[in-house]
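Next comes final-v1.cif, a file with mmCIF, C-alpha atoms.
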```cif
data_model
loop_
_atom_site.group_PDB
_atom_site.id
_atom_site.type_symbol
_atom_site.label_atom_id
_atom_site.label_comp_id
_atom_site.auth_asym_id
_atom_site.auth_seq_id
_atom_site.Cartn_x
_atom_site.Cartn_y
_atom_site.Cartn_z
ATOM 1 C CA LYS L 22 0.000 0.000 0.000
ATOM 2 C CA LYS L 23 2.849 2.327 0.738
ATOM 3 C CA MET L 24 4.222 1.679 -2.664
ATOM 4 C CA VAL L 25 0.904 2.499 -4.297
ATOM 5 C CA LEU L 26 0.721 5.697 -2.333
ATOM 6 C CA GLU L 27 4.268 6.597 -3.270
ATOM 7 C CA GLN L 28 3.569 5.967 -6.924
ATOM 8 C CA LYS L 29 0.380 7.964 -6.612
ATOM 9 C CA LYS L 30 2.352 10.722 -4.913
ATOM 10 C CA LEU L 31 4.983 10.614 -7.665
ATOM 11 C CA ARG L 32 2.295 10.761 -10.347
ATOM 12 C CA THR L 33 0.534 13.570 -8.535
ATOM 13 C CA SER L 34 3.836 15.395 -8.019
ATOM 14 C CA ALA L 35 4.711 14.925 -11.686
ATOM 15 C CA LEU L 36 1.244 16.097 -12.678
ATOM 16 C CA LEU L 37 1.512 19.031 -10.309
ATOM 17 C CA GLU L 38 4.975 19.899 -11.655
ATOM 18 C CA GLY L 39 3.642 19.678 -15.205
ATOM 19 C CA GLN L 40 0.771 22.006 -14.344
ATOM 20 C CA ARG L 41 3.173 24.398 -12.606
ATOM 21 C CA GLN L 42 5.397 24.341 -15.692
ATOM 22 C CA GLU L 43 2.365 24.974 -17.879
ATOM 23 C CA MET L 44 1.314 27.872 -15.602
ATOM 24 C CA ARG L 45 4.829 29.389 -15.830
ATOM 25 C CA GLU L 46 4.686 29.092 -19.606
ATOM 26 C CA LEU L 47 1.213 30.628 -19.673
ATOM 27 C CA GLU L 48 2.391 33.470 -17.415
ATOM 28 C CA GLU L 49 5.377 34.078 -19.710
ATOM 29 C CA GLU L 50 3.105 34.034 -22.749
ATOM 30 C CA THR L 51 0.703 36.387 -20.949
ATOM 31 C CA LYS L 52 3.578 38.741 -20.136
ATOM 32 C CA ALA L 53 4.697 38.583 -23.764
ATOM 33 C CA LEU L 54 1.131 39.311 -24.907
ATOM 34 C CA HIS L 55 0.896 42.246 -22.450
ATOM 35 C CA LEU L 56 4.185 43.559 -23.826
ATOM 36 C CA ASP L 57 2.901 43.175 -27.394
ATOM 37 C CA VAL L 58 -0.357 44.953 -26.501
ATOM 38 C CA SER L 59 1.643 47.733 -24.826
ATOM 39 C CA ARG L 60 3.805 48.108 -27.934
ATOM 40 C CA ILE L 61 0.734 48.156 -30.163
ATOM 41 C CA ASN L 62 -0.888 50.788 -27.943
ATOM 42 C CA ASP L 63 2.287 52.904 -28.050
ATOM 43 C CA ALA L 64 2.433 52.581 -31.834
ATOM 44 C CA PHE L 65 -1.257 53.457 -32.061
ATOM 45 C CA GLN L 66 -0.770 56.537 -29.879
ATOM 46 C CA ARG L 67 2.213 57.640 -31.959
ATOM 47 C CA SER L 68 0.122 57.132 -35.071
ATOM 48 C CA GLU L 69 -2.734 59.157 -33.560
ATOM 49 C CA ARG L 70 -0.330 61.987 -32.645
ATOM 50 C CA LYS L 71 1.174 61.975 -36.122
ATOM 51 C CA ALA L 72 -2.301 61.991 -37.691
ATOM 52 C CA ALA L 73 -3.256 64.944 -35.470
ATOM 53 C CA ASP L 74 -0.019 66.738 -36.433
ATOM 54 C CA VAL L 75 -0.667 66.108 -40.115
ATOM 55 C CA GLN L 76 -4.268 67.284 -39.747
ATOM 56 C CA GLY L 77 -3.090 70.446 -37.994
ATOM 57 C CA ALA L 78 -0.456 71.122 -40.644
ATOM 58 C CA THR L 79 -3.007 70.506 -43.382
ATOM 59 C CA GLU L 80 -5.424 72.959 -41.796
ATOM 60 C CA GLU L 81 -2.646 75.547 -41.478
ATOM 61 C CA VAL L 82 -1.687 75.158 -45.127
ATOM 62 C CA GLU L 83 -5.322 75.300 -46.189
ATOM 63 C CA LEU L 84 -5.889 78.449 -44.125
ATOM 64 C CA GLY L 85 -2.758 79.994 -45.630
ATOM 65 C CA PHE L 86 -3.943 79.181 -49.143
ATOM 66 C CA GLN L 87 -7.389 80.576 -48.399
ATOM 67 C CA GLN L 88 -5.876 83.820 -47.109
ATOM 68 C CA LYS L 89 -3.592 84.088 -50.141
ATOM 69 C CA LEU L 90 -6.543 83.383 -52.431
ATOM 70 C CA LYS L 91 -8.612 86.097 -50.746
ATOM 71 C CA GLY L 92 -5.721 88.520 -51.167
ATOM 72 C CA ILE L 93 -5.327 87.630 -54.827
ATOM 73 C CA GLU L 94 -9.079 87.937 -55.397
ATOM 74 C CA ALA L 95 -9.108 91.373 -53.730
ATOM 75 C CA LYS L 96 -6.149 92.464 -55.843
ATOM 76 C CA CYS L 97 -7.920 91.161 -58.961
ATOM 77 C CA ARG L 98 -11.045 93.162 -58.099
ATOM 78 C CA ARG L 99 -8.932 96.306 -57.546
ATOM 79 C CA LEU L 100 -7.200 95.766 -60.880
ATOM 80 C CA GLU L 101 -10.527 95.236 -62.648
ATOM 81 C CA ARG L 102 -11.894 98.476 -61.158
ATOM 82 C CA SER L 103 -8.696 100.264 -62.171
ATOM 83 C CA MET L 104 -8.961 98.863 -65.699
ATOM 84 C CA GLY L 105 -12.560 100.062 -65.872
ATOM 85 C CA ARG L 106 -11.505 103.558 -64.812
ATOM 86 C CA GLN L 107 -8.637 103.483 -67.334
ATOM 87 C CA ARG L 108 -10.983 102.408 -70.134
ATOM 88 C CA LYS L 109 -13.375 105.183 -69.223
ATOM 89 C CA SER L 110 -10.486 107.667 -69.136
ATOM 90 C CA VAL L 111 -9.234 106.464 -72.528
ATOM 91 C CA GLY L 112 -12.739 106.873 -73.930
ATOM 92 C CA GLN L 113 -12.938 110.412 -72.596
ATOM 93 C CA LEU L 114 -9.475 111.227 -73.981
ATOM 94 C CA ARG L 115 -10.497 109.887 -77.390
ATOM 95 C CA ALA L 116 -13.632 112.023 -77.338
ATOM 96 C CA GLU L 117 -11.553 115.057 -76.365
ATOM 97 C CA LEU L 118 -9.049 114.261 -79.122
ATOM 98 C CA VAL L 119 -11.832 114.009 -81.718
ATOM 99 C CA GLU L 120 -13.239 117.331 -80.502
ATOM 100 C CA ALA L 121 -9.785 118.945 -80.610
ATOM 101 C CA GLU L 122 -9.238 117.664 -84.180
ATOM 102 C CA ARG L 123 -12.649 119.043 -85.155
ATOM 103 C CA GLN L 124 -11.756 122.409 -83.631
ATOM 104 C CA ILE L 125 -8.401 122.392 -85.471
ATOM 105 C CA MET L 126 -10.152 121.687 -88.761
ATOM 106 C CA LEU L 127 -12.628 124.507 -88.100
ATOM 107 C CA TRP L 128 -9.783 126.924 -87.299
ATOM 108 C CA GLU L 129 -7.858 125.819 -90.393
ATOM 109 C CA ARG L 130 -10.982 126.427 -92.483
ATOM 110 C CA LYS L 131 -11.467 129.857 -90.894
ATOM 111 C CA ILE L 132 -7.818 130.712 -91.551
ATOM 112 C CA ASP L 133 -8.144 129.629 -95.195
ATOM 113 C CA LEU L 134 -11.305 131.720 -95.572
ATOM 114 C CA GLU L 135 -9.599 134.721 -93.963
ATOM 115 C CA ARG L 136 -6.621 134.383 -96.349
ATOM 116 C CA GLU L 137 -8.936 134.231 -99.315
ATOM 117 C CA MET L 138 -10.855 137.246 -97.993
ATOM 118 C CA GLN L 139 -7.617 139.195 -97.534
ATOM 119 C CA GLN L 140 -6.551 138.377 -101.063
ATOM 120 C CA VAL L 141 -9.890 139.502 -102.435
ATOM 121 C CA LEU L 142 -9.813 142.749 -100.465
ATOM 122 C CA ASP L 143 -6.117 143.504 -101.153
ATOM 123 C CA PRO L 144 -5.974 146.518 -103.539
ATOM 124 C CA ASN L 145 -2.567 145.468 -104.803
ATOM 125 C CA MET L 146 -3.913 142.129 -105.838
ATOM 126 C CA GLY L 147 -4.329 141.998 -109.569
ATOM 127 C CA GLN L 148 -2.576 145.370 -110.105
ATOM 128 C CA ALA L 149 0.131 143.737 -112.154
ATOM 129 C CA GLU L 150 -2.417 142.207 -114.485
ATOM 130 C CA ALA L 151 -4.362 145.478 -114.750
ATOM 131 C CA THR L 152 -1.193 147.410 -115.564
ATOM 132 C CA ALA L 153 -0.224 144.824 -118.142
ATOM 133 C CA MET L 154 -3.636 145.176 -119.813
ATOM 134 C CA LYS L 155 -3.382 148.926 -119.964
ATOM 135 C CA LYS L 156 -0.244 148.718 -121.973
#
```
Do you think you could lay out the structure here as structure tokens?
Amino acid sequence: KKMVLEQKKLRTSALLEGQRQEMRELEEETKALHLDVSRINDAFQRSERKAADVQGATEEVELGFQQKLKGIEAKCRRLERSMGRQRKSVGQLRAELVEAERQIMLWERKIDLEREMQQVLDPNMGQAEATAMKK
């Protein structure tokens, strides 16, 4: 009976030692899994921070582009208004030029008429021909 008990004790001890070994292995695997989960969480947090940084940078760039675009649009509107004023000014200058040319032509015509009138009224005009006829 003692022998049976000793064999039973040896089997139980061996079984117990096997279970203890299995528990140590499971604990090591659990620790390894915890370490893996911790690494994954760290990587995820780094990824989240980088995504937030990229999002922030993207928003900054977008805001900068929007501000530049608004500035360019405002400048474009100012230039368009200036071009409109310049076109209007050119139109007025052309009208003034046409009027000045018309006035010049009128004055030239008046001068020509005055010359003709002076020639007609000049008593010396035609004297040479009249003297030549008298001879």
Inset, instruction - Quick one: pull the distance between atom CA of Glu117 of chain L and atom CA of Gly105 of chain L, Å, one decimal. - result: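 Pair atom CA of Glu117 of chain L / atom CA of Gly105 of chain L returns 18.3 Å.
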Inset, instruction - Take atom CA of Leu84 of chain L and atom CA of Lys96 of chain L and report the distance between them in Å, one decimal. - result: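 Computed distance, atom CA of Leu84 of chain L to atom CA of Lys96 of chain L, equals 18.3 Å.
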Set up a box along x, y and z of the file covering all listed atoms of segment 29-46 of chain L, add 8 Å on every one of the six sides, and write the centre and edge lengths in Å to one decimal, as JSON.
```
{"center_x": 2.9, "center_y": 18.7, "center_z": -12.3, "size_x": 21.0, "size_y": 37.4, "size_z": 30.7}
```
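Of note, atom CA of Val58 of chain L and atom CA of Ala73 of chain L are spaced 22.1 Å apart.
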